[in-house]
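Engineer: The following file, input05.pdb, comprises PDB, C-alpha atoms:
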ATOM      1  CA  MET D   1       5.882   1.649  40.636
ATOM      2  CA  LYS D   2       7.845   0.465  37.615
ATOM      3  CA  GLU D   3       7.640   2.998  34.805
ATOM      4  CA  ILE D   4       8.018   1.548  31.324
ATOM      5  CA  LEU D   5       9.815   3.937  29.006
ATOM      6  CA  PHE D   6       9.347   3.924  25.275
ATOM      7  CA  LYS D   7      12.052   1.997  23.458
ATOM      8  CA  ASN D   8      12.074   0.800  19.891
ATOM      9  CA  LYS D   9      14.735  -1.898  19.579
ATOM     10  CA  ARG D  10      14.484  -1.769  15.815
ATOM     11  CA  ASN D  11      15.516   1.864  15.542
ATOM     12  CA  SER D  12      15.978   4.226  18.498
ATOM     13  CA  ASN D  13      14.883   7.165  16.330
ATOM     14  CA  TYR D  14      11.428   5.713  15.740
ATOM     15  CA  ARG D  15       8.779   7.044  18.111
ATOM     16  CA  PHE D  16       6.328   4.341  17.061
ATOM     17  CA  ASP D  17       6.147   0.580  17.393
ATOM     18  CA  LEU D  18       3.642  -2.174  16.657
ATOM     19  CA  VAL D  19       3.585  -5.329  18.779
ATOM     20  CA  ASP D  20       1.421  -8.437  18.769
ATOM     21  CA  LEU D  21      -0.399  -9.155  22.029
ATOM     22  CA  GLU D  22       0.789 -12.764  21.996
ATOM     23  CA  ASP D  23       4.422 -11.583  21.780
ATOM     24  CA  ILE D  24       3.944  -9.258  24.762
ATOM     25  CA  LEU D  25       2.559 -12.122  26.839
ATOM     26  CA  LYS D  26       5.483 -14.399  25.945
ATOM     27  CA  LYS D  27       8.172 -11.926  26.971
ATOM     28  CA  LYS D  28      10.099 -12.289  30.204
ATOM     29  CA  PRO D  29      11.404  -8.811  31.067
ATOM     30  CA  LYS D  30      14.248  -8.746  33.558
ATOM     31  CA  ASP D  31      13.179  -5.580  35.387
ATOM     32  CA  HIS D  32       9.403  -6.119  35.742
ATOM     33  CA  SER D  33       6.511  -8.421  34.951
ATOM     34  CA  GLN D  34       3.842  -7.533  32.420
ATOM     35  CA  PHE D  35       1.401  -9.280  34.765
ATOM     36  CA  ASP D  36       2.049  -6.747  37.555
ATOM     37  CA  HIS D  37       0.870  -3.155  37.623
ATOM     38  CA  HIS D  38       3.229  -0.785  35.822
ATOM     39  CA  LYS D  39       3.071   2.789  34.553
ATOM     40  CA  ILE D  40       3.623   3.652  30.904
ATOM     41  CA  SER D  41       5.318   6.752  29.523
ATOM     42  CA  PHE D  42       3.677   6.561  26.087
ATOM     43  CA  TYR D  43       0.335   6.095  24.335
ATOM     44  CA  VAL D  44      -1.233   2.790  23.320
ATOM     45  CA  ILE D  45      -4.021   1.796  20.944
ATOM     46  CA  ALA D  46      -4.827  -1.909  21.300
ATOM     47  CA  LEU D  47      -7.176  -3.847  19.015
ATOM     48  CA  ILE D  48      -8.269  -7.344  20.038
ATOM     49  CA  THR D  49      -8.708  -9.511  16.956
ATOM     50  CA  HIS D  50      -9.322 -13.006  18.356
ATOM     51  CA  LYS D  51     -10.795 -14.596  21.509
ATOM     52  CA  ASN D  52     -11.521 -13.205  24.970
ATOM     53  CA  GLY D  53      -9.704 -12.091  28.106
ATOM     54  CA  LYS D  54      -9.352  -9.178  30.488
ATOM     55  CA  HIS D  55      -7.003  -6.264  30.989
ATOM     56  CA  SER D  56      -6.420  -3.964  33.960
ATOM     57  CA  ILE D  57      -6.261  -0.191  33.473
ATOM     58  CA  ASN D  58      -5.870   2.127  36.464
ATOM     59  CA  TYR D  59      -6.817  -0.747  38.795
ATOM     60  CA  ASN D  60     -10.065  -1.503  36.962
ATOM     61  CA  ASP D  61     -10.484  -4.809  35.137
ATOM     62  CA  TYR D  62     -12.037  -4.693  31.649
ATOM     63  CA  SER D  63     -13.175  -7.810  29.826
ATOM     64  CA  PHE D  64     -12.428  -7.908  26.107
ATOM     65  CA  LYS D  65     -13.335  -9.848  22.992
ATOM     66  CA  LYS D  66     -12.920  -9.545  19.248
ATOM     67  CA  GLY D  67     -13.433  -5.919  18.286
ATOM     68  CA  THR D  68     -12.443  -4.404  21.637
ATOM     69  CA  VAL D  69     -10.209  -1.339  21.457
ATOM     70  CA  PHE D  70      -8.262   0.004  24.433
ATOM     71  CA  THR D  71      -6.794   3.505  24.487
ATOM     72  CA  LEU D  72      -4.165   4.263  27.140
ATOM     73  CA  ARG D  73      -2.430   7.570  27.701
ATOM     74  CA  LYS D  74       0.971   8.138  29.236
ATOM     75  CA  ASN D  75       1.073   7.779  33.036
ATOM     76  CA  ASN D  76      -1.778   5.269  32.962
ATOM     77  CA  ILE D  77      -1.233   2.151  35.044
ATOM     78  CA  HIS D  78      -2.068  -1.220  33.561
ATOM     79  CA  LYS D  79      -1.279  -4.893  33.689
ATOM     80  CA  PHE D  80      -1.872  -7.924  31.497
ATOM     81  CA  TYR D  81      -3.618 -11.159  32.365
ATOM     82  CA  LYS D  82      -2.632 -14.445  30.784
ATOM     83  CA  THR D  83      -4.821 -15.260  27.791
ATOM     84  CA  ASP D  84      -4.674 -16.929  24.387
ATOM     85  CA  ALA D  85      -6.317 -13.918  22.751
ATOM     86  CA  LYS D  86      -4.650 -12.140  19.842
ATOM     87  CA  GLY D  87      -4.387  -8.468  19.043
ATOM     88  CA  LYS D  88      -2.311  -5.556  17.848
ATOM     89  CA  PHE D  89      -0.761  -2.966  20.168
ATOM     90  CA  LEU D  90       0.221   0.318  18.523
ATOM     91  CA  VAL D  91       2.653   2.114  20.805
ATOM     92  CA  PHE D  92       3.780   5.691  20.235
ATOM     93  CA  THR D  93       5.072   8.778  21.999
ATOM     94  CA  GLU D  94       3.173  12.012  22.301
ATOM     95  CA  ASP D  95       5.367  13.864  19.836
ATOM     96  CA  PHE D  96       4.972  11.195  17.143
ATOM     97  CA  VAL D  97       1.490  12.506  16.418
ATOM     98  CA  ILE D  98       0.994  15.823  18.223
ATOM     99  CA  HIS D  99       3.878  17.783  16.738
ATOM    100  CA  TYR D 100       2.426  17.143  13.295
ATOM    101  CA  SER D 101      -1.213  17.836  14.200
ATOM    102  CA  ASP D 102      -3.217  21.034  14.321
ATOM    103  CA  LYS D 103      -4.900  22.245  17.504
ATOM    104  CA  SER D 104      -8.222  20.556  16.713
ATOM    105  CA  GLU D 105      -6.587  17.160  16.100
ATOM    106  CA  THR D 106      -4.496  17.483  19.270
ATOM    107  CA  ILE D 107      -7.611  18.114  21.371
ATOM    108  CA  LYS D 108      -9.268  15.029  19.864
ATOM    109  CA  LEU D 109      -6.205  12.966  20.770
ATOM    110  CA  PHE D 110      -6.348  14.082  24.394
ATOM    111  CA  GLN D 111     -10.111  13.524  24.494
ATOM    112  CA  LEU D 112      -9.894  10.025  23.042
ATOM    113  CA  PHE D 113      -7.183   8.925  25.453
ATOM    114  CA  ASN D 114      -8.459  10.632  28.593
ATOM    115  CA  GLU D 115     -10.077   8.025  30.851
ATOM    116  CA  MET D 116     -11.846  10.766  32.817
ATOM    117  CA  LEU D 117     -13.817  11.739  29.711
ATOM    118  CA  SER D 118     -14.827   8.232  28.724
ATOM    119  CA  SER D 119     -13.975   4.593  29.285
ATOM    120  CA  PRO D 120     -10.601   3.452  27.913
ATOM    121  CA  LYS D 121     -12.522   0.517  26.417
ATOM    122  CA  LEU D 122     -14.415   0.808  23.128
ATOM    123  CA  GLN D 123     -16.343  -2.105  21.607
ATOM    124  CA  LEU D 124     -16.568  -1.932  17.815
ATOM    125  CA  ASN D 125     -19.470  -3.244  15.787
ATOM    126  CA  SER D 126     -18.704  -5.528  12.842
ATOM    127  CA  ASN D 127     -18.501  -2.718  10.268
ATOM    128  CA  ASP D 128     -16.314  -0.491  12.423
ATOM    129  CA  PHE D 129     -14.104  -3.452  13.323
ATOM    130  CA  ALA D 130     -13.513  -4.259   9.652
ATOM    131  CA  GLU D 131     -12.601  -0.619   8.947
ATOM    132  CA  ILE D 132     -10.250  -0.252  11.925
ATOM    133  CA  GLU D 133      -8.630  -3.659  11.371
ATOM    134  CA  ASN D 134      -8.000  -2.767   7.721
ATOM    135  CA  LEU D 135      -6.433   0.558   8.678
ATOM    136  CA  ILE D 136      -4.177  -1.082  11.278
ATOM    137  CA  GLY D 137      -3.320  -3.667   8.636
ATOM    138  CA  GLN D 138      -2.108  -0.861   6.355
ATOM    139  CA  ILE D 139       0.015   0.513   9.193
ATOM    140  CA  ALA D 140       1.420  -2.954   9.909
ATOM    141  CA  GLN D 141       2.275  -3.523   6.242
ATOM    142  CA  GLU D 142       4.027  -0.181   5.955
ATOM    143  CA  TYR D 143       5.894  -0.814   9.205
ATOM    144  CA  SER D 144       7.022  -4.301   8.239
ATOM    145  CA  ASP D 145       8.439  -3.097   4.919
ATOM    146  CA  LEU D 146       9.864   0.341   5.784
ATOM    147  CA  LYS D 147      10.856   0.605   2.166
ATOM    148  CA  ASN D 148      12.217   4.129   2.380
ATOM    149  CA  THR D 149      12.178   7.370   4.361
ATOM    150  CA  TYR D 150       8.537   7.928   3.446
ATOM    151  CA  SER D 151       7.302   4.894   5.408
ATOM    152  CA  ILE D 152       7.396   6.499   8.857
ATOM    153  CA  GLU D 153       5.656   9.605   7.538
ATOM    154  CA  ILE D 154       2.957   7.446   5.948
ATOM    155  CA  ILE D 155       2.522   5.613   9.269
ATOM    156  CA  ARG D 156       2.221   8.944  11.054
ATOM    157  CA  TYR D 157      -0.593  10.094   8.780
ATOM    158  CA  LEU D 158      -2.337   6.734   8.978
ATOM    159  CA  MET D 159      -2.164   7.004  12.771
ATOM    160  CA  GLN D 160      -3.813  10.419  12.613
ATOM    161  CA  VAL D 161      -6.592   8.912  10.506
ATOM    162  CA  LEU D 162      -6.933   6.020  12.961
ATOM    163  CA  ILE D 163      -7.244   8.395  15.924
ATOM    164  CA  LEU D 164      -9.859  10.509  14.138
ATOM    165  CA  LYS D 165     -11.888   7.443  13.147
ATOM    166  CA  LEU D 166     -11.825   6.053  16.693
ATOM    167  CA  PHE D 167     -12.782   9.488  18.012
ATOM    168  CA  ARG D 168     -15.736   9.627  15.610
ATOM    169  CA  ILE D 169     -16.901   6.160  16.666
ATOM    170  CA  LYS D 170     -16.627   6.927  20.369
ATOM    171  CA  SER D 171     -18.253  10.362  20.101
ATOM    172  CA  LYS D 172     -21.460   8.725  18.821
ATOM    173  CA  SER D 173     -22.061   7.295  22.286
ATOM    174  CA  VAL D 174     -20.198   9.879  24.385
ATOM    175  CA  HIS D 175     -21.811  13.151  23.397
ATOM    176  CA  TYR D 176     -19.588  15.476  25.434
ATOM    177  CA  LEU D 177     -16.458  14.400  23.529
ATOM    178  CA  GLY D 178     -17.509  16.905  20.889
ATOM    179  CA  ILE D 179     -17.615  19.814  23.349
ATOM    180  CA  LYS D 180     -14.728  22.214  22.768
ATOM    181  CA  LYS D 181     -15.658  25.268  24.856
ATOM    182  CA  TYR D 182     -14.057  24.210  28.137
ATOM    183  CA  HIS D 183     -11.804  21.374  27.097
ATOM    184  CA  LEU D 184      -8.451  23.153  27.378
ATOM    185  CA  LYS D 185      -9.420  24.546  30.773
ATOM    186  CA  PHE D 186     -10.482  21.101  31.918
ATOM    187  CA  MET D 187      -7.162  19.580  30.836
ATOM    188  CA  TYR D 188      -5.323  22.260  32.820
ATOM    189  CA  LEU D 189      -7.542  21.583  35.838
ATOM    190  CA  GLN D 190      -6.968  17.835  35.576
ATOM    191  CA  GLU D 191      -3.198  18.301  35.417
ATOM    192  CA  LEU D 192      -3.353  20.702  38.376
ATOM    193  CA  ILE D 193      -5.344  18.262  40.518
ATOM    194  CA  GLU D 194      -3.078  15.341  39.625
ATOM    195  CA  ARG D 195      -0.099  17.388  40.749
ATOM    196  CA  GLU D 196      -1.540  18.942  43.928
ATOM    197  CA  CYS D 197      -4.411  16.718  45.084
ATOM    198  CA  PHE D 198      -2.608  15.786  48.300
ATOM    199  CA  GLU D 199      -2.197  19.482  49.072
ATOM    200  CA  SER D 200      -5.920  20.208  48.943
ATOM    201  CA  LYS D 201      -9.162  18.452  48.078
ATOM    202  CA  LYS D 202     -11.260  21.643  48.076
ATOM    203  CA  VAL D 203     -12.912  23.074  44.977
ATOM    204  CA  SER D 204     -12.126  26.627  46.102
ATOM    205  CA  TYR D 205      -8.388  25.838  46.176
ATOM    206  CA  TYR D 206      -8.309  24.929  42.472
ATOM    207  CA  ALA D 207     -10.713  27.700  41.535
ATOM    208  CA  ASN D 208      -8.317  30.230  43.088
ATOM    209  CA  LYS D 209      -5.365  28.594  41.316
ATOM    210  CA  MET D 210      -7.157  29.031  37.983
ATOM    211  CA  GLY D 211      -8.443  32.513  38.747
ATOM    212  CA  VAL D 212     -12.118  31.570  38.487
ATOM    213  CA  THR D 213     -15.012  31.075  40.891
ATOM    214  CA  SER D 214     -16.015  27.680  42.295
ATOM    215  CA  LYS D 215     -19.233  27.978  40.289
ATOM    216  CA  THR D 216     -17.267  28.406  37.062
ATOM    217  CA  LEU D 217     -15.128  25.398  37.913
ATOM    218  CA  ASN D 218     -18.269  23.333  38.388
ATOM    219  CA  ASN D 219     -19.584  24.580  35.045
ATOM    220  CA  ILE D 220     -16.362  23.422  33.387
ATOM    221  CA  THR D 221     -16.415  19.892  34.830
ATOM    222  CA  GLN D 222     -20.161  19.471  34.320
ATOM    223  CA  ALA D 223     -19.847  20.493  30.665
ATOM    224  CA  VAL D 224     -16.846  18.284  29.916
ATOM    225  CA  ILE D 225     -17.383  15.131  32.001
ATOM    226  CA  GLY D 226     -20.867  15.532  33.418
ATOM    227  CA  LYS D 227     -19.586  15.585  37.028
ATOM    228  CA  SER D 228     -19.114  18.178  39.734
ATOM    229  CA  ALA D 229     -15.672  19.625  40.399
ATOM    230  CA  LYS D 230     -15.623  17.870  43.795
ATOM    231  CA  SER D 231     -16.344  14.498  42.156
ATOM    232  CA  CYS D 232     -13.516  15.156  39.702
ATOM    233  CA  ILE D 233     -11.109  15.944  42.543
ATOM    234  CA  ASP D 234     -12.154  12.875  44.533
ATOM    235  CA  GLU D 235     -11.715  10.588  41.521
ATOM    236  CA  ILE D 236      -8.134  11.734  41.022
ATOM    237  CA  VAL D 237      -7.358  11.604  44.755
ATOM    238  CA  ILE D 238      -8.560   8.000  44.984
ATOM    239  CA  LEU D 239      -6.431   6.953  42.005
ATOM    240  CA  GLN D 240      -3.333   8.556  43.543
ATOM    241  CA  ILE D 241      -4.036   6.843  46.869
ATOM    242  CA  LYS D 242      -4.418   3.485  45.115
ATOM    243  CA  ARG D 243      -0.991   3.970  43.569
ATOM    244  CA  LEU D 244       0.498   4.494  47.006
ATOM    245  CA  LEU D 245      -1.323   1.524  48.506
ATOM    246  CA  ILE D 246      -0.126  -0.904  45.850
ATOM    247  CA  ASN D 247       3.342   0.387  45.156
ATOM    248  CA  SER D 248       4.597   1.729  48.452
ATOM    249  CA  SER D 249       6.099   0.184  51.545
ATOM    250  CA  LEU D 250       4.538   2.940  53.662
ATOM    251  CA  SER D 251       2.093   1.971  56.403
ATOM    252  CA  PHE D 252      -1.570   2.924  56.090
ATOM    253  CA  THR D 253      -1.020   5.648  58.678
ATOM    254  CA  GLU D 254       1.939   7.083  56.747
ATOM    255  CA  ILE D 255      -0.063   7.028  53.533
ATOM    256  CA  ALA D 256      -2.925   8.817  55.290
ATOM    257  CA  TYR D 257      -0.675  11.719  56.267
ATOM    258  CA  GLN D 258       1.113  11.788  52.900
ATOM    259  CA  ALA D 259      -2.265  11.999  51.170
ATOM    260  CA  GLY D 260      -3.088  15.104  53.188
ATOM    261  CA  PHE D 261      -5.491  13.749  55.807
ATOM    262  CA  SER D 262      -5.373  15.156  59.332
ATOM    263  CA  THR D 263      -5.958  11.733  60.918
ATOM    264  CA  PRO D 264      -5.794   8.114  59.724
ATOM    265  CA  THR D 265      -9.468   7.742  60.707
ATOM    266  CA  ASN D 266     -10.508  10.418  58.213
ATOM    267  CA  PHE D 267      -8.418   8.686  55.568
ATOM    268  CA  PHE D 268     -10.050   5.279  56.185
ATOM    269  CA  LYS D 269     -13.560   6.786  56.129
ATOM    270  CA  TYR D 270     -12.863   8.735  52.935
ATOM    271  CA  PHE D 271     -11.405   5.752  51.089
ATOM    272  CA  ARG D 272     -14.202   3.372  52.114
ATOM    273  CA  LYS D 273     -16.879   5.920  51.186
ATOM    274  CA  LYS D 274     -15.429   6.380  47.689
ATOM    275  CA  THR D 275     -14.493   2.761  46.920
ATOM    276  CA  GLY D 276     -16.626   0.570  49.180
ATOM    277  CA  LEU D 277     -13.436  -1.045  50.498
ATOM    278  CA  SER D 278     -10.997  -0.367  53.288
ATOM    279  CA  PRO D 279      -7.411   0.445  52.217
ATOM    280  CA  LYS D 280      -6.362  -2.996  53.479
ATOM    281  CA  GLN D 281      -9.101  -4.781  51.496
ATOM    282  CA  PHE D 282      -8.174  -2.901  48.322
ATOM    283  CA  LYS D 283      -4.495  -3.736  48.702
ATOM    284  CA  GLU D 284      -5.202  -7.423  49.352
ATOM    285  CA  ASN D 285      -7.614  -7.645  46.405
ATOM    286  CA  SER D 286      -5.035  -6.096  44.073
ATOM    287  CA  GLN D 287      -2.239  -8.549  44.843
TER     288      GLN D 287
END
Translate the structure described by the file into structure tokens.
Structural biologist:
Amino acid sequence: MKEILFKNKRNSNYRFDLVDLEDILKKKPKDHSQFDHHKISFYVIALITHKNGKHSINYNDYSFKKGTVFTLRKNNIHKFYKTDAKGKFLVFTEDFVIHYSDKSETIKLFQLFNEMLSSPKLQLNSNDFAEIENLIGQIAQEYSDLKNTYSIEIIRYLMQVLILKLFRIKSKSVHYLGIKKYHLKFMYLQELIERECFESKKVSYYANKMGVTSKTLNNITQAVIGKSAKSCIDEIVILQIKRLLINSSLSFTEIAYQAGFSTPTNFFKYFRKKTGLSPKQFKENSQ
């Protein structure tokens, strides 16, 4: 899996960049293709301003049109499809915003960009689109001028406003984004599962790791994402398996054992049950 690191060619000290979609599609990188799956090490807010197309995020295809916003967090996997659509991609590192935010704003950032909490796609209505496009326009103007040392700080604050506005828009339709009680515990659980999901797929394993009961773990996931702890574990396991299937030269049998299954048969049954496809079908469909 090719990991794309953040790099601002304009100034290596900047932890922010703004790129037009049409420019991204025209590029011909030497070390990867933007039309193949790749992992990002930064955050992205993308606003589509003209025409239609589709974009792949974590192996799911999302159609887009004018007013579509995509939010991607670091370690997400995505790829572009060829299109004549236009849009703005705001690219930034975690510390560009978080180190200057309070705890409440940081939680909103993680909530907005966490695809387990809500879809990475947000469709704006006409009024919201006008507001968000205007705000991104202010950021673009400030970034194009960079008149003095204040410009980057102004961009930083405008980005915080943008994130809060997008969070407010999304929280109108995703009610549990506003829940704060268990959010930090859920983020820790999510990170723990992502790191150790091939070690164990049992709820009790992660409950013991966190020093809580399995019932409490279920309460946490139900409150935050409306799913059981087992469903949460399975969702992460399947994503990690998909990464191996697409970006590994290992055989299906080797992947089965690496993913922690006792036999390849159990692996095939598990994957088909969760995705509706065999590992081979998924790999062929993703090429």
Engineer: CA of Ser204 in chain D to CA of Leu245 in chain D: how many Å, to one decimal?
Structural biologist: 27.4 Å
Engineer: Counting all atoms listed in the file, figure out which residue out of D:Gln123, D:Ser214, D:Asn11, D:Asn76 gets nearest to Phe64 in chain D.
Structural biologist: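 Smallest separation from Phe64 in chain D among the options: D:Gln123.
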Engineer: Take CA of Lys79 in chain D and CA of Lys9 in chain D and report the distance between them in Å, one decimal.
Structural biologist: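 Computed distance, CA of Lys79 in chain D to CA of Lys9 in chain D, equals 21.6 Å.
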Engineer: For CA of Lys280 in chain D and CA of Ser231 in chain D, determine how far apart the two atoms are, in Å to one decimal place.
Structural biologist: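 Result for CA of Lys280 in chain D versus CA of Ser231 in chain D: 23.1 Å, one decimal.
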Engineer: Apply the PyMOL selection byres ((chain D and resi 47) around 10) to the file shown and report the selected residues as a list of chain:residue names.
Structural biologist: D:Asp20, D:Leu21, D:Val44, D:Ile45, D:Ala46, D:Ile48, D:Thr49, D:His50, D:Phe64, D:Lys65, D:Lys66, D:Gly67, D:Thr68, D:Val69, D:Phe70, D:Thr71, D:Lys86, D:Gly87, D:Lys88, D:Phe89, D:Leu90, D:Leu122, D:Gln123, D:Leu124, D:Phe129, D:Ile132, D:Glu133, D:Ile136
Engineer: With the PyMOL selection byres ((chain D and resi 275) around 12) as the selection, what would be picked from this file? Answer as a PyMOL selection string, please.
Structural biologist: chain D and resi 59-60+234-235+237-239+241-242+268-274+276-282
Engineer: Given the file shown, enumerate the residues that the PyMOL selection byres ((chain D and resi 163) around 9) captures and present them as a PyMOL selection string.
Structural biologist: chain D and resi 45+105+108-109+112+158-162+164-168
Engineer: Please determine, counting all atoms listed in the file, which residue among D:Glu142, D:Ile40, D:Ile24, D:Ser126 has the shortest atom-to-atom distance to Phe80 in chain D.
Structural biologist: D:Ile24
Engineer: Could you check which of D:Ile236, D:Leu117, D:Leu244, D:Leu18 is closest to Cys197 in chain D, using all atoms listed in the file?
Structural biologist: D:Ile236
Engineer: Of the residues D:Arg15, D:Lys82, D:Arg10, D:Arg156, which is the one nearest to Ser101 in chain D, using all atoms listed in the file?
Structural biologist: D:Arg156
Engineer: Would you mind telling me which residue in D:Lys230, D:Pro120, D:Tyr14, D:Asn75 lies nearest to Tyr62 in chain D when using all atoms listed in the file?
Structural biologist: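 The shortest atom-to-atom distance to Tyr62 in chain D comes from D:Pro120.
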Engineer: Using all atoms listed in the file for the distances, tell me which of D:Asp84, D:Lys74, D:Ala207, D:Met187 is nearest to Ile225 in chain D.
Structural biologist: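 Between D:Asp84, D:Lys74, D:Ala207, D:Met187, the residue approaching Ile225 in chain D most closely is D:Met187.
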Engineer: Set up a box along x, y and z of the file covering all listed atoms of range 262-276 of chain D, add 5 Å on every one of the six sides, and write the centre and edge lengths in Å to one decimal, as lines of an AutoDock Vina configuration file.
Structural biologist:
center_x = -11.1
center_y = 7.9
center_z = 53.9
size_x = 21.5
size_y = 24.6
size_z = 24.0
Engineer: Around (-20.5, 27.0, 42.6) in the file's own coordinates, what residues are found within 10 Å if you use only C-alpha atoms, given back as a list in words?
Structural biologist: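 Residues found, by chain and rising number: Val203, Ser204, Ala207, Thr213, Ser214, Lys215, Thr216, Leu217, Asn218, Asn219, Ser228 and Ala229 of chain D.
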Engineer: Do a neighbour search on Glu191 in chain D at 12 Å with all atoms listed in the file, toss out local chain neighbours closer than 5 positions, and write the hits as JSON, numbers by chain.
Structural biologist: {"D": [75, 114, 116, 184, 185, 186, 196, 197, 206, 210, 232, 233, 236]}
